[in-house]
Amino acid sequence: MVYVAHDLGLQELVQGSILLQDNLWLVGITLLISIVVGLLAGAYPSYYVTSFPPALVLKGSFGLSPKGRFLRTSLICLQFVVSFMLVIGVGIMYLQSYLIFHTDYGFDKDEVMVVPTAPDTRNHADAIDADLRKIPGIEGASLAQSVLGSNDRYQTWSRGEGDKHITFTCIFVDWRFLSVMGIDIVEGRNFRQTDGDVYIFSESAKKKYPWLAVDKPINDKDMPVVGFCEDIKYSTLRVDDSQQPIAFVVPSRDGYFKGDFWRNHLLVRVAKGVDKREAKEKVLETVLKYEHENKPDINDLRYMDDVLEKSYQQERLFTQQILLFSLLAILISIIGVFGLTMFESEYRRKEIGIRKVFGSSTKEILMMFWRRYLYILLGCFVVAAPIGYLMGQHWLEGFAVRTAISPLLFVVSFLLITLITMLTVTYQSWKNANENPINSIKTE
């Protein structure tokens, strides 16, 4: 099964290799553990069975003795507690994942393609932009130092002294950047093609540093501010960047920041409704006309949603791993419920037959079993819910922006496992509940 799982995508859930030949030591340890657990699993039932008084054994009722019933119920409860904990944990993780991809970042990240750049691409930005605009469905392109929302930290600048000291995150961009990313100007103006060595700060910068003003330098020895844009969420959700203003800088070709060292990414705005695969092919065809050495391929072109997903790769893998363990835990629980229900229904056949003789219906017999497992599920949920909540909260501590944990999550978790359990109990108990009571009484 492990050998087959490698080709079914399980390898993507772990960072190490799951090939058997790469883990022979683990195979050996697993074999040893299997032997030890097998011996223990056989030794305890042997000791347990031989500990019963002979009279109880001959009577034939030792299977439903209080100790035996308590042990079986305890094991089932442990399985349910683990299942509830994992399901609640997975729910919290998926709520956070939904928040990551649906939160308002303050810029339009949808339909933005990210193209890695090389020297020829960087030196022909205007020509590439002109060619891209000729393609139906391409609305514009821009060069930028970084992709917004993809990093925990960006470069930080510190300017001025004393009361006029200012610190801010700085990202180099070209003059088209704010328009391509859909970031609105709230004061002043947007960048122009003729601009060089100028700032546009986020709106929060002016609130934090009120002396900043349009058409004035941030201090006597620095570059001027031409405008203020709306606040954006430029870091990942792991970081609270609300207290750190951001400035976009258009460097001059002949100024202090001359050169193309900052032109790391070509951002292409694709119109809504355009086939994304086809748009990739057309953009790649355009870029290859100018790039002669470090030629990208189609897999190097990604949309911002894919870039953001890669930024949260560890969290995504962990969520998928927990989901897999949750499914396994539920499966093990259901197997335990199936076995326990079969065991009890067989040992209680006479009781079921007598109940039917005295007028009990099939529904009432099933209700007898449902009630027992419903009490077990309620008790296990009461224990597991706070533990699952604390586990989820501990995982969320890695994020500065966190999802709200809705009570509906706990309701859905309880109903999901309860429904699966009740269907299992019904399936297993239905035969005995519908059996002719004469047969069950006679066999006793």
# chains A, B, ... in the order shown; residues from 1 in each chain; ligands from 1
>>> residues_around(residues="A:Met113", least_positions_apart="2", cutoff="7 Å", atoms="only C-alpha atoms", output="compact mmCIF listing (two decimals) with C-alpha atoms, in the first residue's frame")
# COMPACT_ATOMS: atom_id res chain seq x y z
CA GLU A 111 -6.05 37.74 -12.72
CA VAL A 115 6.55 36.35 -14.74
CA LEU A 267 3.30 41.55 -13.32
CA VAL A 268 0.71 41.18 -16.09
CA ARG A 269 -2.94 42.13 -15.63
CA LEU A 301 4.56 31.79 -15.20
CA ARG A 302 2.18 31.76 -12.23
CA TYR A 303 -0.86 33.68 -11.11
CA MET A 304 -0.82 35.53 -7.80
>>> residues_around(residues="stretch 158-162 of chain A", least_positions_apart="6", cutoff="9 Å", atoms="only C-alpha atoms", output="JSON, numbers by chain")
{"A": [168, 169, 218, 219, 220, 221, 222]}
>>> closest_residue(among="A:Phe410, A:Phe325, A:Trp430, A:Phe369", to="A:Ile387", atoms="only C-alpha atoms")
A:Phe410
>>> select_by_dssp(residues="stretch 231-406 of chain A", states="alpha helix (DSSP H)", output="ChimeraX atom specification")
/A:276-288,304-311,313-347,349-357,362-396
>>> write_last_selection(atoms="C-alpha atoms", output="CSV table (one decimal), in the first residue's frame")
chain,number,residue,atom,x,y,z
A,276,LYS,CA,-5.8,31.8,-18.1
A,277,ARG,CA,-3.8,29.0,-19.8
A,278,GLU,CA,-4.1,30.7,-23.2
A,279,ALA,CA,-3.1,34.0,-21.6
A,280,LYS,CA,0.0,32.4,-20.2
A,281,GLU,CA,1.0,31.0,-23.7
A,282,LYS,CA,0.6,34.5,-25.3
A,283,VAL,CA,2.5,36.3,-22.6
A,284,LEU,CA,5.3,33.7,-22.8
A,285,GLU,CA,5.5,34.1,-26.5
A,286,THR,CA,5.9,37.8,-26.1
A,287,VAL,CA,8.6,37.6,-23.5
A,288,LEU,CA,10.6,35.1,-25.5
A,304,MET,CA,-0.8,35.5,-7.8
A,305,ASP,CA,-3.2,33.0,-6.2
A,306,ASP,CA,-0.6,30.3,-6.9
A,307,VAL,CA,2.2,32.5,-5.5
A,308,LEU,CA,0.2,33.1,-2.3
A,309,GLU,CA,-0.5,29.4,-2.0
A,310,LYS,CA,3.2,28.6,-2.2
A,311,SER,CA,3.8,31.2,0.5
A,313,GLN,CA,2.9,25.8,1.6
A,314,GLN,CA,3.8,24.5,5.1
A,315,GLU,CA,0.4,25.4,6.5
A,316,ARG,CA,-1.3,23.8,3.5
A,317,LEU,CA,0.7,20.5,3.8
A,318,PHE,CA,0.0,20.4,7.6
A,319,THR,CA,-3.7,20.9,7.0
A,320,GLN,CA,-3.8,18.1,4.4
A,321,GLN,CA,-1.9,15.8,6.8
A,322,ILE,CA,-4.3,16.4,9.6
A,323,LEU,CA,-7.2,15.8,7.2
A,324,LEU,CA,-5.7,12.5,6.3
A,325,PHE,CA,-5.3,11.5,9.9
A,326,SER,CA,-8.8,12.7,10.7
A,327,LEU,CA,-10.2,10.4,8.0
A,328,LEU,CA,-8.2,7.5,9.3
A,329,ALA,CA,-9.3,8.2,12.9
A,330,ILE,CA,-13.0,8.3,11.9
A,331,LEU,CA,-12.5,5.1,9.9
A,332,ILE,CA,-11.0,3.3,12.9
A,333,SER,CA,-13.8,4.6,15.2
A,334,ILE,CA,-16.4,3.3,12.8
A,335,ILE,CA,-14.7,-0.1,12.6
A,336,GLY,CA,-14.8,-0.1,16.4
A,337,VAL,CA,-18.4,0.9,16.5
A,338,PHE,CA,-19.3,-1.8,14.0
A,339,GLY,CA,-17.5,-4.5,15.9
A,340,LEU,CA,-19.0,-3.4,19.3
A,341,THR,CA,-22.5,-3.1,17.9
A,342,MET,CA,-22.2,-6.6,16.3
A,343,PHE,CA,-20.9,-8.0,19.6
A,344,GLU,CA,-23.6,-6.4,21.8
A,345,SER,CA,-26.5,-7.2,19.4
A,346,GLU,CA,-25.5,-10.8,19.2
A,347,TYR,CA,-25.2,-11.1,23.0
A,349,ARG,CA,-30.5,-11.3,20.9
A,350,LYS,CA,-32.6,-12.9,23.7
A,351,GLU,CA,-33.3,-9.5,25.2
A,352,ILE,CA,-34.3,-8.1,21.8
A,353,GLY,CA,-36.5,-11.1,21.1
A,354,ILE,CA,-38.3,-10.7,24.5
A,355,ARG,CA,-38.8,-7.0,23.9
A,356,LYS,CA,-40.4,-7.8,20.5
A,357,VAL,CA,-42.7,-10.4,22.1
A,362,THR,CA,-38.0,-2.3,15.2
A,363,LYS,CA,-37.8,1.5,15.7
A,364,GLU,CA,-37.8,1.1,19.4
A,365,ILE,CA,-35.1,-1.6,19.3
A,366,LEU,CA,-32.9,0.7,17.1
A,367,MET,CA,-33.6,3.6,19.5
A,368,MET,CA,-32.2,1.5,22.3
A,369,PHE,CA,-28.9,1.2,20.5
A,370,TRP,CA,-29.0,4.8,19.2
A,371,ARG,CA,-29.6,6.2,22.7
A,372,ARG,CA,-26.5,4.4,24.0
A,373,TYR,CA,-24.2,5.6,21.3
A,374,LEU,CA,-25.7,9.1,21.4
A,375,TYR,CA,-24.7,9.4,25.1
A,376,ILE,CA,-21.2,8.1,24.3
A,377,LEU,CA,-20.9,10.7,21.5
A,378,LEU,CA,-22.1,13.5,23.7
A,379,GLY,CA,-19.7,12.7,26.4
A,380,CYS,CA,-16.7,12.3,24.0
A,381,PHE,CA,-17.6,15.6,22.3
A,382,VAL,CA,-17.7,17.5,25.6
A,383,VAL,CA,-14.2,16.2,26.3
A,384,ALA,CA,-12.8,16.7,22.8
A,385,ALA,CA,-14.3,20.1,21.9
A,386,PRO,CA,-12.2,22.2,24.3
A,387,ILE,CA,-9.0,20.2,23.4
A,388,GLY,CA,-9.7,20.6,19.7
A,389,TYR,CA,-10.3,24.3,20.2
A,390,LEU,CA,-7.1,24.8,22.1
A,391,MET,CA,-5.2,22.9,19.4
A,392,GLY,CA,-6.6,25.1,16.7
A,393,GLN,CA,-5.9,28.3,18.7
A,394,HIS,CA,-2.3,27.2,19.2
A,395,TRP,CA,-2.0,26.7,15.4
A,396,LEU,CA,-3.5,30.1,14.7
>>> select_by_dssp(residues="stretch 62-248 of chain A", states="strand (DSSP E or B)", output="MDAnalysis selection string")
chainID A and resid 112:116 138:144 156:159 166:173 185:188 198:202 216:217 224:229 246:248
